[in-house]
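Everything on this sheet refers to the single structure shown next.
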2 protein chains.
Amino acid sequence: MVVVLRIGHRCVRDQRLTTHVCLAARAFGAEGVYIHGEKDEKLVEGVTKVVGKWGGKFFAQQIGNWVAFVKEWKGQGGKIAHLTMYGEKVQDVVGKIRKEKKLLVVVGAEKVEKEMYLAADYNVAVTSQPHSEVAALTIFLDRYFEGNELGREFGGAKVKIVPNKCGKSVLVCNKGAKQYKGEMC
Amino acid sequence: MVVVLRIGHRCVRDQRLTTHVCLAARAFGAEGVYIHGEKDEKLVEGVTKVVGKWGGKFFAQQIGNWVAFVKEWKGQGGKIAHLTMYGEKVQDVVGKIRKEKKLLVVVGAEKVEKEMYLAADYNVAVTSQPHSEVAALTIFLDRYFEGNELGREFGGAKVKIVPNKCGKSVLVCNKGAKQYKGEMC
C-alpha cells in the first residue's frame, strides 16, 4: 500500500502542480493522496472527477496538521519516504523501501520543515538537481513498482484509450457496451 | 542529442509548469528546451539562472511558429517523438526511438493540434491515463537514457549536493575551492 502526502499546498499558486501530483500519483500506482495546506475544494473535486471517468479507486483527501497525521501513520506501523533533493539516491535505497508494505511518500510544495526530515524513515533524492516534485514522485513510484505500473488497468473506467500510432482512439464504455470513437490521422 | 519542445506556453497560467518541464528536461538528460507560445522572459531567465548555479550547458530558448521549426528540424534529419496519452506505449517503442541520434521530444500545454500528430515520427504514450506532461517527459527521458541520467554530473556547478540520510549537505564550489555547508538533523 503506497499513498502520497502532499504538504504545503497553496490554493491559487499550487493548484495546477498539486493536481499534477495527484494525477501522477494515481497513474503511477499510488492508492490515494492526502493534501495538507490551504483548503481547496476545487482541487479535490477535479481529481475525484478524473477518477470517476478514468476508473480505479484512487482517493484525494485534505488533512489538517501534517505532524499529527504523520505521527498517527507511524503509530499504525506505516513508514515514510520523503522526497528531497538532499536525500539518499533513489537508485541506492529503493530496493530496501520496496520491502515496506505500508508506505507514505511525501512531496512538499515549497521549503519543507526540518521535522519532516526527522520524521521520515527515508529521505530520498531523485537526482540531487532542482527539478519538480511531479518528476520526483513519478520516478520514485516507477522505481518502487519496477515499471509494472505502466501496464496497469483501472477498473470501472467510463473511457479508455487504445494506443495509436497517429490520432486518437477512445473506447467509451457505457453500461457494458463499448463504443469506439476514433479520430485518425 | 535530445532536446525538448514545449508548445502552447501561456505566460501566467503555465509559468510554473513550464519551468518544471524545463528543469526536468535538464535534470533527466536533455540538452535544452525550445519554448513555443507567449513570450516569457522571466521563465527563460529563471531557467538560465538555475543552469548558472547548478552547472551543465542546458539552454532554454523561445521560438515563434512551431510548424516552421519542426519542418526545419526534420529537414536537418531530426526525428520527433510527441508525447501524448493517445500514442503508442513508451515501453513498446522506446527501444526503436533510442536509435535516433537527433531527437526532439514534444510536450504540449493544453490540447495539441492534429498537425503535430502528423509531423511526429512517434506519438508516444506514457500510460494512457491523464496525468502530467512533467511526468510523461521525465519517464520518457528516463527510459530513453535507461536510467543512466540519474547519476549524471553537471560540469561547472557553483553548488553541489552531497546525498544525506537526514539533513542537508551542500558543497559550495568557489573558484576551485570547495566549502562544505551542512545542516544536519
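The way I read the labels, and the way they are meant: chains A, B, ... in the order of the C-alpha cells, residue 1 as the first residue of every chain, and ligand 1 as the first ligand shown, with later ones counted on from there.
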Original post:
Mind checking DSSP for range 55-174 of chain B and telling me the helix (DSSP H, G or I) residues as a PyMOL selection string?
Top reply: chain B and resi 66-75+90-97+114-119+133-144+148-151
**OP:** Find the spatial neighbours of Ser169 in chain A, counting only C-alpha atoms, within a cut-off of 6 Å - ignore same-chain residues fewer than 2 positions away - and output them as a VMD selection string.
**Re:** chain A and resid 161 to 162 181 to 182
Original post:
Contacts of His131 in chain A at 10 Å or less, counting only C-alpha atoms, minus same-chain residues fewer than 4 places along, as a PyMOL selection string?
Top reply: (chain A and resi 85+126-127+135-136) or (chain B and resi 19-28+50+134)
Name the residues in contact with range 153-156 of chain B at a cut-off of 10 Å, using only C-alpha atoms, excluding same-chain residues fewer than 3 positions from it; report them as an mmCIF file with C-alpha atoms, in the first residue's frame.
data_model
loop_
_atom_site.group_PDB
_atom_site.id
_atom_site.type_symbol
_atom_site.label_atom_id
_atom_site.label_comp_id
_atom_site.auth_asym_id
_atom_site.auth_seq_id
_atom_site.Cartn_x
_atom_site.Cartn_y
_atom_site.Cartn_z
ATOM 1 C CA THR A 127 18.801 13.216 -8.662
ATOM 2 C CA SER A 128 20.236 15.958 -6.456
ATOM 3 C CA GLN A 129 19.336 18.551 -9.073
ATOM 4 C CA ARG B 26 17.730 19.367 -17.791
ATOM 5 C CA ALA B 27 17.894 17.030 -14.788
ATOM 6 C CA VAL B 51 21.873 26.396 -15.093
ATOM 7 C CA GLY B 52 24.407 29.027 -13.970
ATOM 8 C CA LYS B 53 24.197 27.821 -10.381
ATOM 9 C CA TRP B 54 23.830 24.048 -10.856
ATOM 10 C CA GLY B 55 26.046 23.556 -13.901
ATOM 11 C CA GLY B 56 25.879 21.952 -17.308
ATOM 12 C CA LYS B 57 25.201 23.527 -20.681
ATOM 13 C CA PHE B 58 21.435 23.323 -20.875
ATOM 14 C CA GLU B 149 20.786 10.031 -16.311
ATOM 15 C CA LEU B 150 20.195 9.615 -12.565
ATOM 16 C CA VAL B 159 26.840 24.284 -5.724
ATOM 17 C CA LYS B 160 26.514 20.555 -5.447
ATOM 18 C CA CYS B 173 32.372 25.371 -5.210
ATOM 19 C CA LYS B 175 37.000 29.206 -7.826
ATOM 20 C CA GLY B 176 38.289 25.690 -7.381
#
Strand (DSSP E) call set, DSSP backbone run, range 108-178 of chain A, as an mmCIF file with C-alpha atoms, in the first residue's frame:
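The file below, part-v2.cif, is the result:
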data_model
loop_
_atom_site.group_PDB
_atom_site.id
_atom_site.type_symbol
_atom_site.label_atom_id
_atom_site.label_comp_id
_atom_site.auth_asym_id
_atom_site.auth_seq_id
_atom_site.Cartn_x
_atom_site.Cartn_y
_atom_site.Cartn_z
ATOM 1 C CA GLY A 108 6.489 19.279 -0.473
ATOM 2 C CA TYR A 122 13.946 7.538 4.307
ATOM 3 C CA ASN A 123 14.909 10.901 2.816
ATOM 4 C CA VAL A 124 15.183 10.120 -0.876
ATOM 5 C CA ALA A 125 16.669 12.134 -3.747
ATOM 6 C CA VAL A 159 -13.449 5.848 -21.153
ATOM 7 C CA LYS A 160 -10.318 4.033 -22.168
ATOM 8 C CA ILE A 161 -7.683 4.921 -24.709
ATOM 9 C CA GLY A 167 -4.520 10.036 -33.918
ATOM 10 C CA LYS A 168 -6.949 9.302 -31.113
ATOM 11 C CA SER A 169 -8.792 6.057 -30.381
ATOM 12 C CA VAL A 170 -11.113 6.188 -27.411
ATOM 13 C CA LEU A 171 -13.360 3.414 -26.111
ATOM 14 C CA VAL A 172 -16.496 4.806 -24.483
ATOM 15 C CA CYS A 173 -17.667 2.150 -22.034
ATOM 16 C CA ASN A 174 -21.347 2.613 -21.355
ATOM 17 C CA ALA A 177 -21.417 -1.722 -24.197
ATOM 18 C CA LYS A 178 -18.264 -0.296 -25.722
#
**OP:** Extract, using only C-alpha atoms, all DNA, RNA and protein residues at most 9 Å from Val112 in chain B, discarding same-chain residues fewer than 4 positions from it, and format them as a list of chain:residue names.
**Re:**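 In the requested form, the answer reads B:Ile7, B:Gly8, B:Thr84, B:Val107, B:Gly108, B:Met116, B:Tyr117.
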**OP:** Would you list the contacts of Phe145 in chain B as a list in words, taking every protein, DNA or RNA residue within 12 Å and counting only C-alpha atoms, but skipping same-chain residues closer than 4 positions in sequence?
**Re:**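 The neighbour list is Met1, Val2, Ala27, Phe28, Gly29, Ala30, Val94, Gly95, Ile97, Arg98, Lys99, Thr138, Ile139, Phe140, Leu141, Glu149, Leu150, Gly151 and Arg152 of chain B.
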Residues as selected, C-alpha atoms, written as a compact mmCIF listing (two decimals), in the first residue's frame, can you do that?
# COMPACT_ATOMS: atom_id res chain seq x y z
CA MET B 1 21.24 14.62 -28.93
CA VAL B 2 17.88 15.05 -27.27
CA ALA B 27 17.89 17.03 -14.79
CA PHE B 28 16.93 13.97 -16.83
CA GLY B 29 19.42 14.44 -19.63
CA ALA B 30 18.06 16.68 -22.41
CA VAL B 94 11.45 3.45 -26.79
CA GLY B 95 13.95 0.81 -27.93
CA ILE B 97 13.47 5.63 -30.63
CA ARG B 98 16.74 5.22 -28.72
CA LYS B 99 18.46 4.59 -32.04
CA THR B 138 10.55 12.50 -17.16
CA ILE B 139 9.61 8.86 -17.67
CA PHE B 140 10.28 9.15 -21.40
CA LEU B 141 13.79 10.55 -20.82
CA GLU B 149 20.79 10.03 -16.31
CA LEU B 150 20.19 9.62 -12.57
CA GLY B 151 23.94 9.53 -11.97
CA ARG B 152 24.80 12.37 -14.32
Subject >> Selection near Asp121 in chain A, 12 Å with only C-alpha atoms, sequence-local residues under 6 positions removed, as a list in words >> reply: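 The residues that qualify are Val70, Trp73, Lys74, Gly77, Gly78, Lys79, Ile80, Ala81, His82, Leu83, Gly87, Glu88, Val93, Lys96, Ile97, Glu100, Leu103, Leu104, Val105, Val106 and Glu115 of chain A; Lys165 and Cys166 of chain B.
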Original post:
In terms of the shortest atom-to-atom distance over only C-alpha atoms, which of A:Ile35, A:Val12, A:Leu43, A:Ala60 is closest to chain B?
Top reply: A:Val12
Original post:
Counting only C-alpha atoms, which of A:Lys101, A:Lys111, A:Gly32, A:Pro130 gets nearest to Lys49 in chain B?
Top reply: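 Of the candidates, the smallest distance to Lys49 in chain B is held by A:Pro130.
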